[in-house]
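Structure below is model-v3.txt: compact mmCIF, C-alpha atoms.
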# COMPACT_ATOMS: atom_id res chain seq x y z
CA MET A 1 123.06 174.32 -11.26
CA ARG A 2 122.35 171.17 -13.24
CA ILE A 3 125.27 168.90 -14.08
CA CYS A 4 125.50 166.92 -17.32
CA ASN A 5 128.16 164.23 -17.07
CA LEU A 6 129.13 163.04 -20.54
CA GLY A 7 131.17 160.04 -19.49
CA SER A 8 132.16 156.42 -19.85
CA LEU A 9 130.28 153.34 -18.71
CA ASN A 10 132.27 150.12 -18.36
CA ILE A 11 131.84 146.52 -17.34
CA ASP A 12 135.02 145.16 -15.73
CA ARG A 13 135.69 141.42 -15.79
CA VAL A 14 138.40 140.47 -13.31
CA TYR A 15 140.13 137.09 -13.41
CA GLY A 16 142.42 135.80 -10.68
CA VAL A 17 145.36 133.84 -12.16
CA GLU A 18 148.53 132.28 -10.79
CA HIS A 19 150.53 134.06 -13.49
CA PHE A 20 149.76 136.23 -16.52
CA VAL A 21 148.86 134.19 -19.59
CA SER A 22 151.59 133.94 -22.24
CA ALA A 23 151.42 133.40 -26.00
CA GLN A 24 149.93 130.01 -26.94
CA GLU A 25 149.12 129.31 -23.28
CA THR A 26 145.77 128.53 -21.67
CA VAL A 27 145.37 129.02 -17.93
CA LEU A 28 142.56 128.36 -15.50
CA ALA A 29 141.27 131.31 -13.50
CA THR A 30 141.29 130.93 -9.73
CA LYS A 31 138.57 133.55 -9.31
CA TYR A 32 136.16 135.63 -11.39
CA GLU A 33 134.44 138.90 -10.46
CA ARG A 34 132.34 141.36 -12.45
CA PHE A 35 132.16 145.05 -11.59
CA LEU A 36 130.34 148.04 -13.04
CA GLY A 37 132.49 151.12 -13.47
CA GLY A 38 134.14 153.56 -15.78
CA LYS A 39 135.19 157.01 -14.61
CA GLY A 40 131.96 158.45 -15.97
CA LEU A 41 129.69 156.10 -14.04
CA ASN A 42 131.68 156.47 -10.82
CA GLN A 43 131.64 160.25 -11.02
CA SER A 44 127.91 160.40 -11.75
CA ILE A 45 127.22 158.29 -8.67
CA ALA A 46 129.48 160.56 -6.61
CA LEU A 47 127.66 163.61 -7.96
CA ALA A 48 124.29 162.13 -7.07
CA ARG A 49 125.30 160.88 -3.61
CA SER A 50 126.70 164.31 -2.81
CA GLY A 51 123.34 165.91 -3.60
CA GLY A 52 123.93 167.09 -7.15
CA THR A 53 121.29 167.30 -9.86
CA VAL A 54 123.00 165.05 -12.39
CA PHE A 55 122.19 163.76 -15.86
CA HIS A 56 124.42 161.05 -17.28
CA ALA A 57 124.97 161.18 -21.03
CA GLY A 58 126.90 158.38 -22.70
CA ALA A 59 126.47 155.17 -24.64
CA ILE A 60 125.79 151.54 -23.76
CA GLY A 61 125.39 148.36 -25.74
CA PRO A 62 122.84 145.54 -25.51
CA ASP A 63 124.73 144.32 -22.43
CA GLY A 64 124.46 147.66 -20.64
CA MET A 65 121.10 147.46 -18.86
CA SER A 66 122.82 146.91 -15.49
CA LEU A 67 124.82 150.12 -16.03
CA ARG A 68 121.63 152.12 -16.65
CA GLN A 69 119.96 150.49 -13.66
CA LEU A 70 122.82 151.29 -11.28
CA LEU A 71 122.77 154.95 -12.29
CA GLU A 72 119.01 155.19 -11.83
CA GLU A 73 119.14 153.43 -8.45
CA ASN A 74 121.47 156.21 -7.32
CA GLY A 75 119.23 159.03 -8.49
CA VAL A 76 121.00 159.81 -11.78
CA ASP A 77 118.81 160.87 -14.71
CA THR A 78 119.61 158.59 -17.67
CA ARG A 79 117.38 160.14 -20.36
CA TYR A 80 120.47 161.04 -22.42
CA LEU A 81 121.94 157.52 -22.56
CA LYS A 82 122.41 156.30 -26.12
CA ASP A 83 121.69 152.65 -26.93
CA THR A 84 124.00 151.12 -29.53
CA HIS A 85 124.49 147.72 -31.15
CA THR A 86 128.13 147.74 -30.00
CA ALA A 87 129.10 146.03 -26.75
CA SER A 88 129.39 148.39 -23.79
CA GLY A 89 132.86 149.53 -22.80
CA HIS A 90 134.62 146.79 -20.90
CA ALA A 91 137.93 145.62 -19.49
CA ILE A 92 139.51 142.19 -19.17
CA ILE A 93 141.70 142.26 -16.08
CA GLN A 94 144.14 139.58 -14.98
CA VAL A 95 145.26 139.73 -11.34
CA ASN A 96 148.16 137.43 -10.48
CA ALA A 97 149.08 135.77 -7.19
CA SER A 98 151.17 138.77 -6.09
CA GLY A 99 148.35 141.24 -6.76
CA GLN A 100 149.75 142.76 -9.96
CA ASN A 101 147.32 143.33 -12.79
CA CYS A 102 147.34 143.18 -16.58
CA ILE A 103 144.48 144.95 -18.35
CA ILE A 104 142.93 144.98 -21.82
CA VAL A 105 140.38 147.78 -22.34
CA SER A 106 137.82 147.98 -25.12
CA ARG A 107 136.14 151.37 -25.41
CA GLY A 108 133.11 149.74 -27.02
CA ALA A 109 130.05 151.98 -27.03
CA ASN A 110 132.04 154.73 -25.29
CA ALA A 111 133.72 155.37 -28.65
CA GLU A 112 130.39 155.97 -30.40
CA ILE A 113 129.61 159.41 -28.97
CA LEU A 114 129.21 161.47 -32.16
CA PRO A 115 129.13 165.27 -32.59
CA GLU A 116 125.44 165.08 -33.44
CA ASP A 117 124.81 163.20 -30.19
CA ILE A 118 126.60 165.94 -28.27
CA ASP A 119 124.59 168.67 -30.01
CA ARG A 120 121.33 166.85 -29.21
CA ILE A 121 122.23 166.41 -25.54
CA LEU A 122 123.51 169.93 -24.96
CA SER A 123 120.50 171.53 -26.67
CA ASP A 124 118.68 171.01 -23.37
CA PHE A 125 121.33 172.82 -21.31
CA GLY A 126 122.53 176.41 -21.07
CA GLN A 127 124.41 179.09 -19.16
CA ALA A 128 123.25 178.00 -15.72
CA ASP A 129 124.50 174.44 -16.22
CA LEU A 130 127.82 172.58 -16.07
CA LEU A 131 129.26 169.87 -18.34
CA LEU A 132 131.59 167.33 -16.75
CA LEU A 133 133.94 165.31 -18.96
CA GLN A 134 136.63 162.67 -18.57
CA ASN A 135 138.90 161.26 -21.29
CA GLU A 136 137.27 157.85 -21.82
CA ILE A 137 134.80 158.71 -24.60
CA SER A 138 135.06 159.96 -28.18
CA ASN A 139 134.88 163.59 -29.33
CA VAL A 140 135.86 165.19 -26.02
CA ASP A 141 137.30 168.19 -27.86
CA TYR A 142 134.03 168.78 -29.69
CA ALA A 143 132.08 168.52 -26.43
CA ILE A 144 134.24 171.19 -24.79
CA GLN A 145 133.74 173.58 -27.68
CA ALA A 146 130.01 172.88 -27.99
CA ALA A 147 129.38 173.44 -24.29
CA LYS A 148 131.29 176.72 -24.22
CA ALA A 149 129.39 177.89 -27.29
CA ARG A 150 126.21 177.44 -25.24
CA GLY A 151 127.68 179.38 -22.32
CA MET A 152 127.96 176.34 -20.06
CA SER A 153 130.68 175.88 -17.46
CA VAL A 154 132.99 172.95 -18.25
CA ALA A 155 134.88 170.71 -15.84
CA PHE A 156 137.39 168.27 -17.33
CA ASN A 157 139.03 165.41 -15.47
CA ALA A 158 141.97 164.77 -17.81
CA ALA A 159 142.17 161.02 -17.22
CA PRO A 160 143.44 158.80 -18.62
CA VAL A 161 146.38 160.28 -20.53
CA THR A 162 146.12 159.61 -24.28
CA PRO A 163 147.84 161.16 -27.31
CA GLU A 164 144.59 162.99 -28.12
CA LEU A 165 144.64 164.73 -24.74
CA HIS A 166 147.29 167.15 -25.97
CA THR A 167 145.08 168.34 -28.85
CA TYR A 168 142.11 169.35 -26.71
CA PRO A 169 141.19 173.05 -26.22
CA ILE A 170 141.87 172.93 -22.49
CA ASP A 171 142.17 176.70 -22.35
CA LEU A 172 138.35 176.77 -22.78
CA VAL A 173 137.78 174.64 -19.67
CA ASP A 174 136.65 176.27 -16.42
CA TYR A 175 137.87 173.53 -14.05
CA LEU A 176 140.77 171.20 -14.88
CA ILE A 177 141.09 168.27 -12.49
CA VAL A 178 144.32 166.25 -12.70
CA ASN A 179 146.67 164.09 -10.67
CA GLU A 180 150.44 164.43 -10.86
CA VAL A 181 150.87 162.06 -13.82
CA GLU A 182 148.21 163.84 -15.87
CA GLY A 183 149.48 167.28 -14.92
CA LEU A 184 153.05 166.45 -15.88
CA SER A 185 151.87 165.00 -19.17
CA LEU A 186 149.99 168.19 -20.04
CA LEU A 187 153.13 170.20 -19.31
CA GLY A 188 155.40 167.78 -21.17
CA THR A 189 157.91 167.87 -18.35
CA GLU A 190 159.50 165.57 -15.79
CA ALA A 191 158.67 165.30 -12.10
CA CYS A 192 158.63 168.45 -10.00
CA GLY A 193 157.19 169.55 -6.66
CA GLU A 194 153.41 169.77 -6.26
CA GLU A 195 153.28 173.53 -5.87
CA SER A 196 155.62 174.04 -8.81
CA LEU A 197 153.44 171.74 -10.91
CA LEU A 198 150.29 173.63 -9.91
CA HIS A 199 151.80 177.04 -10.68
CA SER A 200 153.10 175.79 -14.04
CA LEU A 201 149.66 174.52 -15.02
CA CYS A 202 148.08 177.82 -13.97
CA ARG A 203 150.62 179.71 -16.10
CA LYS A 204 149.96 177.46 -19.10
CA TYR A 205 146.18 177.81 -18.72
CA PRO A 206 145.73 181.29 -17.16
CA SER A 207 141.94 181.35 -17.53
CA VAL A 208 141.47 177.88 -16.02
CA THR A 209 140.96 176.89 -12.38
CA VAL A 210 143.26 173.91 -11.71
CA ILE A 211 142.59 171.24 -9.11
CA LEU A 212 145.56 168.94 -8.47
CA THR A 213 145.21 165.76 -6.43
CA VAL A 214 148.41 164.33 -4.94
CA GLY A 215 147.37 161.25 -2.97
CA GLU A 216 148.65 161.21 0.60
CA LYS A 217 149.75 164.83 0.20
CA GLY A 218 146.18 165.98 -0.30
CA SER A 219 144.91 168.33 -2.99
CA TYR A 220 145.53 171.82 -4.35
CA TRP A 221 143.39 174.50 -5.95
CA GLY A 222 145.01 177.10 -8.16
CA GLN A 223 143.76 180.12 -10.08
CA GLY A 224 146.24 182.62 -11.44
CA ASP A 225 148.68 183.34 -8.61
CA GLU A 226 146.29 182.12 -5.90
CA MET A 227 146.72 178.70 -4.30
CA LEU A 228 144.95 176.61 -1.65
CA HIS A 229 146.06 173.32 -0.11
CA GLN A 230 143.87 170.70 1.54
CA GLU A 231 145.35 167.86 3.59
CA ILE A 232 143.81 164.39 3.60
CA TYR A 233 141.81 162.89 6.46
CA PRO A 234 143.74 159.69 7.28
CA VAL A 235 141.90 156.37 7.32
CA SER A 236 142.95 152.73 7.02
CA VAL A 237 143.43 152.18 3.29
CA VAL A 238 141.40 149.29 1.86
CA ASP A 239 140.98 150.14 -1.83
CA THR A 240 141.90 153.36 -3.64
CA THR A 241 140.02 152.48 -6.87
CA ALA A 242 137.32 155.17 -6.77
CA ALA A 243 139.05 157.78 -4.61
CA GLY A 244 139.75 160.15 -7.49
CA ASP A 245 136.26 159.82 -8.95
CA THR A 246 134.71 160.40 -5.53
CA PHE A 247 136.84 163.53 -5.05
CA CYS A 248 135.85 164.83 -8.48
CA GLY A 249 132.12 164.26 -8.00
CA TYR A 250 131.99 165.83 -4.54
CA PHE A 251 134.12 168.80 -5.60
CA ILE A 252 131.95 169.57 -8.63
CA THR A 253 128.69 169.27 -6.65
CA SER A 254 130.10 171.59 -4.00
CA ILE A 255 130.98 174.19 -6.62
CA ALA A 256 127.57 173.78 -8.27
CA LYS A 257 125.92 174.44 -4.89
CA GLY A 258 127.90 177.66 -4.44
CA LYS A 259 130.56 176.47 -2.01
CA CYS A 260 133.83 178.40 -1.98
CA PRO A 261 136.97 176.54 -3.19
CA LYS A 262 138.22 175.94 0.36
CA GLU A 263 134.93 174.34 1.40
CA ALA A 264 134.74 172.30 -1.82
CA LEU A 265 138.24 170.91 -1.26
CA ARG A 266 137.39 170.02 2.33
CA ILE A 267 134.20 168.16 1.39
CA ALA A 268 135.86 166.34 -1.52
CA SER A 269 138.76 165.30 0.70
CA LEU A 270 136.44 163.93 3.38
CA ALA A 271 134.49 161.95 0.78
CA SER A 272 137.54 160.49 -0.96
CA SER A 273 139.01 159.48 2.40
CA LEU A 274 135.86 157.53 3.17
CA ALA A 275 135.99 155.89 -0.27
CA ILE A 276 139.45 154.43 0.22
CA GLY A 277 138.31 152.85 3.47
CA GLN A 278 135.89 150.58 1.56
CA LYS A 279 136.46 147.89 -1.07
CA GLY A 280 135.19 148.39 -4.60
CA ALA A 281 134.56 151.31 -6.93
CA ALA A 282 130.98 152.59 -7.18
CA CYS A 283 129.94 150.74 -4.02
CA SER A 284 132.63 152.53 -1.99
CA ILE A 285 131.40 156.05 -2.78
CA PRO A 286 129.86 157.55 0.40
CA THR A 287 126.62 159.46 0.76
CA MET A 288 126.56 163.09 1.88
CA GLN A 289 125.11 161.95 5.19
CA GLU A 290 128.14 159.71 5.74
CA VAL A 291 130.50 162.51 4.75
CA THR A 292 128.81 164.93 7.15
CA ALA A 293 129.06 162.44 10.03
CA PHE A 294 132.72 161.80 9.21
CA GLY A 295 133.40 165.54 9.11
CA GLN A 296 131.75 166.03 12.49
CA SER A 297 133.96 163.29 13.92
CA LYS A 298 136.90 165.43 12.75
CA GLY A 299 135.51 168.51 14.47
CA ILE A 300 134.04 170.12 11.36
CA PRO A 301 130.62 171.76 11.96
CA SER A 302 127.88 170.30 9.75
CA GLU A 303 126.92 173.76 8.46
CA TRP A 304 130.39 174.02 6.89
CA LEU A 305 129.54 170.94 4.87
CA ILE A 306 125.86 171.11 3.97
CA GLY A 307 124.91 174.69 4.76

Would you put the structure from the file into structure tokens?
Amino acid sequence: MRICNLGSLNIDRVYGVEHFVSAQETVLATKYERFLGGKGLNQSIALARSGGTVFHAGAIGPDGMSLRQLLEENGVDTRYLKDTHTASGHAIIQVNASGQNCIIVSRGANAEILPEDIDRILSDFGQADLLLLQNEISNVDYAIQAAKARGMSVAFNAAPVTPELHTYPIDLVDYLIVNEVEGLSLLGTEACGEESLLHSLCRKYPSVTVILTVGEKGSYWGQGDEMLHQEIYPVSVVDTTAAGDTFCGYFITSIAKGKCPKEALRIASLASSLAIGQKGAACSIPTMQEVTAFGQSKGIPSEWLIG
């Protein structure tokens, strides 16, 4: 199964500051770092490193060559990337002395995915293929409908939460991947237990397979009245930035390769555990070889992972 990831590509500019800048104030940064990211880019790299056949579709600006290059270096096919005159998606991030952050996000080229772009991209895909989406580009609702009209499977990672999220035809999605915040937002309800949240989502979207990630409490798979739970594999936490994207990419590749839900959850959990043990986003995403070795160290036979 081929995977088309129609997703965001961002350049993050991170500034260390003693305190957040106020109106009419100029401050000197104590540190500057530049990172390549976006949920779309991170998930494409996770898909590729887990052995998936992945095509990244999205949009970049004149400043986006490094984004294209990083995808290609990781084995992602970039033939469906759209070049625009708009700056690539980017974020300006202030990090103060206590580690808190303040973020301004510009969607940039990510907001220039048009219905005609989606039709052009999906014309090369069909019933044997899967479309992966997040909520950081334009026309997500159209993409869902267009993919289903072509008979494709659709996986949707409903992040981040936006007002538009509640207008999407999520009942058409095959796999809905959410954390607790996103799941509660879709339900329009206050906090509840993980299993209750999962069952409520399955009742709201009876034709959808729901995958719920709950941090230290692991992950859940739900379909109708069926439910599976996967615990985490504890590691020393260094940086949780790309844990969710790593989980998503490894889970989708596992499903695309014919793994059962229990096996897919196990592999995705192993991979995301490794990711939080490393600093950074894309650079922290492990390879399948690393995941297999980690699984074997936990007593999991390699054939359960790559067979």

Practice prompt. Within 7 Å of segment 38-55 of chain A, counting only C-alpha atoms, which residues show up once you throw out same-chain ones fewer than 6 positions away? Write them as a list in words, please.
Written response: Arg2, Ile3, Cys4, Asn5, Gly7, Ser8, Leu9, Asn10, Leu71, Asn74, Gly75, Val76, Asp77, Thr78, Gln134, Asp245, Thr246, Cys248, Gly249, Tyr250, Thr253, Ala282, Ile285, Pro286, Thr287 and Met288 of chain A

With 12 Å as the cut-off and all atoms listed in the file counted, what is the closest atom pair between each nearby residue of segment 147-242 of chain A and segment 289-305 of chain A? Distances in Å to one decimal, ordered by chain and number, as JSON lines.
{"residue": "A:Ile232", "atom": "CA", "partner": "A:Lys298", "partner_atom": "CA", "distance": 11.5}
{"residue": "A:Tyr233", "atom": "CA", "partner": "A:Lys298", "partner_atom": "CA", "distance": 8.4}
{"residue": "A:Pro234", "atom": "CA", "partner": "A:Lys298", "partner_atom": "CA", "distance": 10.5}
{"residue": "A:Val235", "atom": "CA", "partner": "A:Phe294", "partner_atom": "CA", "distance": 10.8}

Give me the residues near Ile276 of chain A as a PDB file with C-alpha atoms, in the coordinates of the input, where near means some atom within 10 Å (using all atoms listed in the file) and where sequence neighbours in that chain fewer than 2 positions away do not count.
ATOM      1  CA  PRO A 234     143.740 159.690   7.280  1.00  0.00           C
ATOM      2  CA  VAL A 235     141.900 156.370   7.320  1.00  0.00           C
ATOM      3  CA  SER A 236     142.950 152.730   7.020  1.00  0.00           C
ATOM      4  CA  VAL A 237     143.430 152.180   3.290  1.00  0.00           C
ATOM      5  CA  VAL A 238     141.400 149.290   1.860  1.00  0.00           C
ATOM      6  CA  ASP A 239     140.980 150.140  -1.830  1.00  0.00           C
ATOM      7  CA  THR A 240     141.900 153.360  -3.640  1.00  0.00           C
ATOM      8  CA  THR A 241     140.020 152.480  -6.870  1.00  0.00           C
ATOM      9  CA  ALA A 242     137.320 155.170  -6.770  1.00  0.00           C
ATOM     10  CA  ALA A 243     139.050 157.780  -4.610  1.00  0.00           C
ATOM     11  CA  GLY A 244     139.750 160.150  -7.490  1.00  0.00           C
ATOM     12  CA  THR A 246     134.710 160.400  -5.530  1.00  0.00           C
ATOM     13  CA  ALA A 271     134.490 161.950   0.780  1.00  0.00           C
ATOM     14  CA  SER A 272     137.540 160.490  -0.960  1.00  0.00           C
ATOM     15  CA  SER A 273     139.010 159.480   2.400  1.00  0.00           C
ATOM     16  CA  LEU A 274     135.860 157.530   3.170  1.00  0.00           C
ATOM     17  CA  GLN A 278     135.890 150.580   1.560  1.00  0.00           C
ATOM     18  CA  LYS A 279     136.460 147.890  -1.070  1.00  0.00           C
ATOM     19  CA  GLY A 280     135.190 148.390  -4.600  1.00  0.00           C
ATOM     20  CA  ALA A 281     134.560 151.310  -6.930  1.00  0.00           C
ATOM     21  CA  SER A 284     132.630 152.530  -1.990  1.00  0.00           C
ATOM     22  CA  ILE A 285     131.400 156.050  -2.780  1.00  0.00           C
TER      23      ILE A 285
END

Discussion item. Just the number, please: distance in Å from atom CA of Arg203 of chain A to atom CA of Leu187 of chain A, one decimal.
Written reply: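 Pair atom CA of Arg203 of chain A / atom CA of Leu187 of chain A returns 10.3 Å.
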
Discussion item. What's the separation between atom CA of Ala91 of chain A and atom CA of His19 of chain A, in Å to one decimal place?
Written reply: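 Distance reported for this atom pair: 18.1 Å.
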
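With distances taken over all atoms listed in the file, A:Pro169 is the one residue among A:Gly61, A:Gly16, A:Gly224, A:Pro169 lying closest to Ile144 of chain A.
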
Practice prompt. In Å, rounded to a single decimal, give me how far atom CA of Val17 of chain A is from atom CA of Gln94 of chain A.
Written response: 6.5 Å

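Nearest-residue note for Ser185 of chain A: choosing from A:Ile93, A:Val161, A:Ala268, A:Ala57, the minimum distance belongs to A:Val161, counting only C-alpha atoms.
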
Worksheet item: Leu130 of chain A: which residues within 10 Å, counting all atoms listed in the file, same-chain residues fewer than 3 positions away excluded, as a count of residues only?
Response: 20

Discussion item. Excluding Asn135 of chain A and its own-chain neighbours fewer than 5 positions away, which residues fall within 7 Å of it when counting all atoms listed in the file? Please give them as a ChimeraX atom specification.
Written reply: /A:140,158-160

Go ahead and dump the residues you just picked, C-alpha atoms, as a CSV table (one decimal), in the frame of the given file.
chain,number,residue,atom,x,y,z
A,140,VAL,CA,135.9,165.2,-26.0
A,158,ALA,CA,142.0,164.8,-17.8
A,159,ALA,CA,142.2,161.0,-17.2
A,160,PRO,CA,143.4,158.8,-18.6

Worksheet item: Between A:Asp119, A:Glu190, A:Glu195, A:Glu226, which has the minimum distance to Val214 of chain A (counting all atoms listed in the file)?
Response: A:Glu195

Worksheet entry | For Ala111 of chain A: contacts at 12 Å, only C-alpha atoms, fewer than 2 positions along chain excluded, given as an MDAnalysis selection string | chainID A and resid 7:10 58:61 82 84 86:90 105:109 113:115 117 135:140

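Nearest-residue note for Arg13 of chain A: choosing from A:Glu180, A:Glu231, A:Asp129, A:Glu33, the minimum distance belongs to A:Glu33, counting only C-alpha atoms.
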
Return as lines of an AutoDock Vina configuration file the box centre and box size in Å, one decimal, for an axis-aligned box around all listed atoms of segment 113-122 of chain A padded by 8 Å per side.
center_x = 125.5
center_y = 164.7
center_z = -29.2
size_x = 24.3
size_y = 26.5
size_z = 24.5

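For the residues A:Gln69, A:Asp225, A:Ile118, A:Tyr15, ranking by smallest atom-to-atom distance to Val27 of chain A using only C-alpha atoms places A:Tyr15 first.
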